[in-house]
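Peer 1: One structure follows; several queries about it will come next.
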Amino acid sequence: MEAIVYEEFGGPEVLRRATGVPVPEPGPGEVRVRVAAVGVNPLDWKRRYGWVEDFYPTAFPAVPGLEFAGTVDALGEGVTDLAVGDEVLGWTETGAYAEYAIAGTVAPKPAGLSWEAAASLPVAGETARRVLDLLRVRAGETLFLHGAAGVVGSVAVQLAVAAGITVVGSASEANHGHLRELGAIPVAYGEGLADRVRAVAPEGVDAVFDAAGHGVLPVAIDLLGGGDAAKERIVTIAATDAAEHGIVFSGVTGEPEAVRRGLTEQARLAAEGGLAVRLAEVLPLKEAARAQELSESGHVRGKIVLLP
């Protein structure tokens, strides 16, 4: 099969298009999927650099990519709830930048959901739901979401607002209109952030979801009044110094069946227009290096998707 591979750590230049890559075979409980669309995530290029080996050890040659949408092509032993030809979205075990990928956790793709939109949901949707659950945020409370206009942030805003939670979201000025459309109260990044949050939420915030990092954890602790009790309601998916501040860093997906249920519900909402992921770029798979460069730049407004 054709795939994007890399055989050493480095910049985008280590990615190459390869043919004759062995087609993977599904193991027990797995399915093989013919990939129709691939979601590009920051973890793709962080793994390419070798920055996250402690969590995601690499075996070369490696195929990048976590999330996909596609059609079930083969079933592993014990799979009884899916059939060849089913359209699904989910996470791959073997890398999604390829014609075929192996997956263990998938959800059905609704007929009304495009391949591009379907491939944009698994990582952002699961991460947003997981962190909101960890924060125990509920209707009537106020959430400060740092990095609210990013892909994970924007999904989290929509899920929180739908649950009756007031969301104050930080973003660049150019994205404030987008956040208002999603139902959040926007504030600008930078010095004085805590004062701007307090100005729009004078009764305070109840929890903080950090989706962007950039040294915001002291601000988050201050907003919640300091102390250990405050730290219990702060979760980050971006700050590498979380442990130094006593803050939970959440980077591991939840229990597979719960993840599957959540993704199934989010796909349904997306198909019905109740949940949206903004698309920034849709590129052919051969432009994987450019896609990762765009993701790494941090200036893309929305999801980058590759089409094999």
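Identifiers in this document derive from the order of the structure tokens: chains are assigned A, B, ..., residues are numbered from 1 separately in each chain, and ligands are numbered from 1 in order of occurrence.
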Show which residues sit within 12 Å of A:Gly298, as a VMD selection string. Count only C-alpha atoms, and ignore same-chain residues fewer than 4 positions away.

Peer 2: chain A and resid 41 to 42 147 149 to 151 172 212 280 291 to 294 302 to 304

Peer 1: Selected residues, N, CA, C and O atoms, written as a PDB file, in the first residue's frame, please.

Peer 2:
```
ATOM      1  N   ASN A  41      -2.908  16.234  13.851  1.00  0.00           N
ATOM      2  CA  ASN A  41      -2.866  16.713  15.223  1.00  0.00           C
ATOM      3  C   ASN A  41      -1.448  17.110  15.626  1.00  0.00           C
ATOM      4  O   ASN A  41      -0.477  16.577  15.082  1.00  0.00           O
ATOM      5  N   PRO A  42      -1.309  18.033  16.597  1.00  0.00           N
ATOM      6  CA  PRO A  42       0.033  18.393  17.069  1.00  0.00           C
ATOM      7  C   PRO A  42       0.863  17.197  17.507  1.00  0.00           C
ATOM      8  O   PRO A  42       2.087  17.198  17.354  1.00  0.00           O
ATOM      9  N   GLY A 147      -7.360  28.933  25.317  1.00  0.00           N
ATOM     10  CA  GLY A 147      -7.172  28.336  24.000  1.00  0.00           C
ATOM     11  C   GLY A 147      -8.491  27.847  23.444  1.00  0.00           C
ATOM     12  O   GLY A 147      -8.580  26.781  22.831  1.00  0.00           O
ATOM     13  N   ALA A 149     -10.387  28.793  20.979  1.00  0.00           N
ATOM     14  CA  ALA A 149     -10.664  28.789  19.543  1.00  0.00           C
ATOM     15  C   ALA A 149      -9.939  27.678  18.802  1.00  0.00           C
ATOM     16  O   ALA A 149     -10.148  27.492  17.610  1.00  0.00           O
ATOM     17  N   GLY A 150      -9.075  26.925  19.498  1.00  0.00           N
ATOM     18  CA  GLY A 150      -8.436  25.778  18.874  1.00  0.00           C
ATOM     19  C   GLY A 150      -9.453  24.675  18.625  1.00  0.00           C
ATOM     20  O   GLY A 150     -10.621  24.778  19.013  1.00  0.00           O
ATOM     21  N   VAL A 151      -9.013  23.616  17.972  1.00  0.00           N
ATOM     22  CA  VAL A 151      -9.949  22.545  17.616  1.00  0.00           C
ATOM     23  C   VAL A 151     -10.533  21.887  18.863  1.00  0.00           C
ATOM     24  O   VAL A 151     -11.752  21.739  18.985  1.00  0.00           O
ATOM     25  N   SER A 172      -7.051  34.746  20.354  1.00  0.00           N
ATOM     26  CA  SER A 172      -6.604  35.962  19.688  1.00  0.00           C
ATOM     27  C   SER A 172      -7.823  36.765  19.254  1.00  0.00           C
ATOM     28  O   SER A 172      -8.919  36.221  19.067  1.00  0.00           O
ATOM     29  N   ALA A 212      -4.073  25.348  25.832  1.00  0.00           N
ATOM     30  CA  ALA A 212      -3.055  26.063  25.067  1.00  0.00           C
ATOM     31  C   ALA A 212      -1.690  26.136  25.736  1.00  0.00           C
ATOM     32  O   ALA A 212      -0.675  26.297  25.054  1.00  0.00           O
ATOM     33  N   ALA A 280      -9.731  24.055   8.412  1.00  0.00           N
ATOM     34  CA  ALA A 280      -8.790  25.073   7.951  1.00  0.00           C
ATOM     35  C   ALA A 280      -8.218  24.722   6.593  1.00  0.00           C
ATOM     36  O   ALA A 280      -8.172  25.567   5.693  1.00  0.00           O
ATOM     37  N   ALA A 291       1.213  19.804   5.666  1.00  0.00           N
ATOM     38  CA  ALA A 291       0.150  19.794   6.673  1.00  0.00           C
ATOM     39  C   ALA A 291       0.734  19.881   8.072  1.00  0.00           C
ATOM     40  O   ALA A 291       0.239  20.633   8.920  1.00  0.00           O
ATOM     41  N   GLN A 292       1.803  19.128   8.335  1.00  0.00           N
ATOM     42  CA  GLN A 292       2.413  19.177   9.665  1.00  0.00           C
ATOM     43  C   GLN A 292       3.098  20.516   9.912  1.00  0.00           C
ATOM     44  O   GLN A 292       3.086  21.020  11.041  1.00  0.00           O
ATOM     45  N   GLU A 293       3.694  21.104   8.882  1.00  0.00           N
ATOM     46  CA  GLU A 293       4.280  22.439   9.036  1.00  0.00           C
ATOM     47  C   GLU A 293       3.213  23.447   9.423  1.00  0.00           C
ATOM     48  O   GLU A 293       3.431  24.296  10.294  1.00  0.00           O
ATOM     49  N   LEU A 294       2.063  23.378   8.768  1.00  0.00           N
ATOM     50  CA  LEU A 294       0.965  24.292   9.085  1.00  0.00           C
ATOM     51  C   LEU A 294       0.507  24.094  10.525  1.00  0.00           C
ATOM     52  O   LEU A 294       0.267  25.060  11.258  1.00  0.00           O
ATOM     53  N   GLY A 302      -8.504  26.244  12.660  1.00  0.00           N
ATOM     54  CA  GLY A 302      -9.341  25.098  12.381  1.00  0.00           C
ATOM     55  C   GLY A 302      -8.538  23.833  12.171  1.00  0.00           C
ATOM     56  O   GLY A 302      -7.331  23.781  12.390  1.00  0.00           O
ATOM     57  N   LYS A 303      -9.221  22.793  11.707  1.00  0.00           N
ATOM     58  CA  LYS A 303      -8.641  21.455  11.563  1.00  0.00           C
ATOM     59  C   LYS A 303      -8.005  21.284  10.186  1.00  0.00           C
ATOM     60  O   LYS A 303      -8.535  21.730   9.169  1.00  0.00           O
ATOM     61  N   ILE A 304      -6.869  20.600  10.174  1.00  0.00           N
ATOM     62  CA  ILE A 304      -6.214  20.216   8.930  1.00  0.00           C
ATOM     63  C   ILE A 304      -6.537  18.744   8.672  1.00  0.00           C
ATOM     64  O   ILE A 304      -6.380  17.906   9.562  1.00  0.00           O
TER      65      ILE A 304
END
```

Peer 1: For stretch 234-247 of chain A, list every protein, DNA or RNA residue within 7 Å, evaluated using only C-alpha atoms, and leave out those in the same chain fewer than 5 positions away; present the list as a list of chain:residue names.

Peer 2: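 Result of the neighbour search: A:Val131, A:Leu135, A:Ala207, A:Val208, A:Phe209, A:Asp210, A:Ala211, A:Ala212, A:Gly213, A:His214.
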
Peer 1: Using backbone DSSP assignments, extract all alpha helix (DSSP H) residues from stretch 45-216 of chain A; output them as a ChimeraX atom specification.

Peer 2: /A:45-49,115-119,122-135,151-162,176-182,193-200

Peer 1: With only C-alpha atoms as the atoms that count, which of A:Ala3, A:Ala184, A:Ala220, A:Val31 lies nearest to A:Ala103?

Peer 2: A:Val31

Peer 1: Between A:Ala229, A:Leu89, A:Val219, A:Leu263, which residue has the minimum interatomic distance to A:Glu126, considering only C-alpha atoms?

Peer 2: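 Residue with the minimum atom-to-atom distance to A:Glu126: A:Leu263.
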
Peer 1: Work out how far apart atom CA of A:Gly274 and atom CA of A:Val123 are and give it in Å to one decimal.

Peer 2: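 Separation of atom CA of A:Gly274 and atom CA of A:Val123: 17.8 Å.
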
Peer 1: Could you give me, as number ranges by chain, each residue of stretch 21-83 of chain A that DSSP assigns to strand (DSSP E) when run on this structure's backbone?

Peer 2: A: 31-40, 67-75

Peer 1: For those residues, write C-alpha atoms to a file as a PDB file, in the first residue's frame.

Peer 2:
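Result went into again-v4.pdb, see below:
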```pdb
ATOM      1  CA  VAL A  31     -10.700  -3.943  12.299  1.00  0.00           C
ATOM      2  CA  ARG A  32      -8.810  -2.854   9.203  1.00  0.00           C
ATOM      3  CA  VAL A  33     -10.120   0.296   7.596  1.00  0.00           C
ATOM      4  CA  ARG A  34      -9.598   1.712   4.134  1.00  0.00           C
ATOM      5  CA  VAL A  35      -8.825   5.304   5.067  1.00  0.00           C
ATOM      6  CA  ALA A  36     -10.940   8.061   3.489  1.00  0.00           C
ATOM      7  CA  ALA A  37      -9.723  11.046   5.551  1.00  0.00           C
ATOM      8  CA  VAL A  38      -7.066  11.711   8.203  1.00  0.00           C
ATOM      9  CA  GLY A  39      -7.097  14.316  10.972  1.00  0.00           C
ATOM     10  CA  VAL A  40      -3.760  16.075  11.570  1.00  0.00           C
ATOM     11  CA  GLU A  67      -7.455   9.663  13.854  1.00  0.00           C
ATOM     12  CA  PHE A  68      -9.268   8.748  10.681  1.00  0.00           C
ATOM     13  CA  ALA A  69     -12.568   8.118   8.976  1.00  0.00           C
ATOM     14  CA  GLY A  70     -12.990   5.294   6.515  1.00  0.00           C
ATOM     15  CA  THR A  71     -14.663   2.025   5.521  1.00  0.00           C
ATOM     16  CA  VAL A  72     -14.208  -1.290   7.325  1.00  0.00           C
ATOM     17  CA  ASP A  73     -12.198  -3.572   5.047  1.00  0.00           C
ATOM     18  CA  ALA A  74     -11.467  -6.610   7.252  1.00  0.00           C
ATOM     19  CA  LEU A  75     -12.474  -7.918  10.677  1.00  0.00           C
TER      20      LEU A  75
END
```

Peer 1: Can you list, as a ChimeraX atom specification, every protein, DNA or RNA residue that comes within 9 Å of A:Ala230 when you count only C-alpha atoms, leaving out same-chain residues fewer than 4 positions away?

Peer 2: /A:206-207,220-226,234

Peer 1: Keeping only all heavy atoms, take the residues you just selected and write them out as a tab-separated table (two decimals), in the first residue's frame.

Peer 2:
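Once everything was written out, this is again09.tsv:
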```tsv
chain	number	residue	atom	x	y	z
A	206	ASP	N	-15.37	28.69	38.17
A	206	ASP	CA	-15.41	27.48	39.00
A	206	ASP	C	-14.38	26.43	38.59
A	206	ASP	O	-14.05	25.54	39.38
A	206	ASP	CB	-16.81	26.86	38.93
A	206	ASP	CG	-17.88	27.83	39.42
A	206	ASP	OD1	-17.92	28.08	40.63
A	206	ASP	OD2	-18.66	28.33	38.58
A	207	ALA	N	-13.92	26.50	37.33
A	207	ALA	CA	-12.98	25.51	36.83
A	207	ALA	C	-12.21	26.10	35.67
A	207	ALA	O	-12.67	27.06	35.03
A	207	ALA	CB	-13.71	24.23	36.39
A	220	ALA	N	-4.36	30.48	36.21
A	220	ALA	CA	-5.50	29.63	36.54
A	220	ALA	C	-5.64	29.44	38.04
A	220	ALA	O	-6.74	29.53	38.59
A	220	ALA	CB	-5.33	28.27	35.85
A	221	ILE	N	-4.52	29.17	38.71
A	221	ILE	CA	-4.55	28.98	40.17
A	221	ILE	C	-5.04	30.25	40.86
A	221	ILE	O	-5.85	30.21	41.79
A	221	ILE	CB	-3.15	28.57	40.66
A	221	ILE	CG1	-2.79	27.18	40.12
A	221	ILE	CG2	-3.11	28.56	42.20
A	221	ILE	CD1	-1.34	26.80	40.32
A	222	ASP	N	-4.56	31.39	40.39
A	222	ASP	CA	-4.97	32.68	40.96
A	222	ASP	C	-6.46	32.91	40.78
A	222	ASP	O	-7.16	33.34	41.71
A	222	ASP	CB	-4.17	33.79	40.29
A	222	ASP	CG	-4.55	35.17	40.82
A	222	ASP	OD1	-4.69	35.32	42.05
A	222	ASP	OD2	-4.71	36.10	40.01
A	223	LEU	N	-6.98	32.58	39.61
A	223	LEU	CA	-8.40	32.79	39.33
A	223	LEU	C	-9.29	31.96	40.26
A	223	LEU	O	-10.40	32.38	40.61
A	223	LEU	CB	-8.73	32.43	37.88
A	223	LEU	CG	-8.32	33.43	36.82
A	223	LEU	CD1	-8.48	32.83	35.43
A	223	LEU	CD2	-9.15	34.71	36.93
A	224	LEU	N	-8.79	30.81	40.68
A	224	LEU	CA	-9.58	29.94	41.55
A	224	LEU	C	-9.26	30.13	43.04
A	224	LEU	O	-9.72	29.37	43.88
A	224	LEU	CB	-9.37	28.48	41.16
A	224	LEU	CG	-9.96	28.09	39.80
A	224	LEU	CD1	-9.66	26.65	39.46
A	224	LEU	CD2	-11.47	28.32	39.78
A	225	GLY	N	-8.45	31.15	43.34
A	225	GLY	CA	-8.22	31.50	44.73
A	225	GLY	C	-7.02	30.87	45.38
A	225	GLY	O	-6.77	31.07	46.57
A	226	GLY	N	-6.24	30.09	44.62
A	226	GLY	CA	-5.05	29.48	45.17
A	226	GLY	C	-5.35	28.29	46.05
A	226	GLY	O	-6.50	27.98	46.35
A	234	ILE	N	-8.52	22.33	38.00
A	234	ILE	CA	-7.75	22.79	36.84
A	234	ILE	C	-7.18	21.56	36.15
A	234	ILE	O	-6.60	20.69	36.78
A	234	ILE	CB	-6.58	23.72	37.25
A	234	ILE	CG1	-7.09	24.92	38.03
A	234	ILE	CG2	-5.81	24.17	36.01
A	234	ILE	CD1	-5.97	25.74	38.67
```

Peer 1: Would you please work out which residue, of A:Glu287, A:Glu272, A:Glu93, A:Glu99, is nearest to A:Glu2 when using only C-alpha atoms?

Peer 2: A:Glu99

Peer 1: Quick one: pull the distance between atom CA of A:Arg301 and atom CA of A:Arg278, Å, one decimal.

Peer 2: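 Computed distance, atom CA of A:Arg301 to atom CA of A:Arg278, equals 7.6 Å.
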
Peer 1: Atom CA of A:Leu121 to atom CA of A:Asp44: how many Å, to one decimal?

Peer 2: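 The value is 15.7 Å.
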
Peer 1: May I have the residues within 7 Å of A:Glu77 as number ranges by chain, using only C-alpha atoms and disregarding those fewer than 5 positions away in the same chain?

Peer 2: A: 27-29

Peer 1: How would the residues just picked look written out with N, CA, C and O atoms as a PDB file, in the first residue's frame?

Peer 2:
```pdb
ATOM      1  N   GLY A  27      -5.789  -7.729  14.368  1.00  0.00           N
ATOM      2  CA  GLY A  27      -5.702  -8.754  15.390  1.00  0.00           C
ATOM      3  C   GLY A  27      -7.052  -8.933  16.072  1.00  0.00           C
ATOM      4  O   GLY A  27      -8.064  -8.322  15.670  1.00  0.00           O
ATOM      5  N   PRO A  28      -7.118  -9.741  17.113  1.00  0.00           N
ATOM      6  CA  PRO A  28      -8.384  -9.944  17.832  1.00  0.00           C
ATOM      7  C   PRO A  28      -8.968  -8.630  18.331  1.00  0.00           C
ATOM      8  O   PRO A  28      -8.270  -7.805  18.909  1.00  0.00           O
ATOM      9  N   GLY A  29     -10.252  -8.430  18.065  1.00  0.00           N
ATOM     10  CA  GLY A  29     -10.942  -7.228  18.509  1.00  0.00           C
ATOM     11  C   GLY A  29     -10.680  -5.995  17.668  1.00  0.00           C
ATOM     12  O   GLY A  29     -11.176  -4.915  17.986  1.00  0.00           O
TER      13      GLY A  29
END
```

Peer 1: Of the candidates A:Ala119, A:Val23, A:Val155, A:Leu143, which one gets nearest to A:Ala276 if we count only C-alpha atoms?

Peer 2: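 Between A:Ala119, A:Val23, A:Val155, A:Leu143, the residue approaching A:Ala276 most closely is A:Val155.
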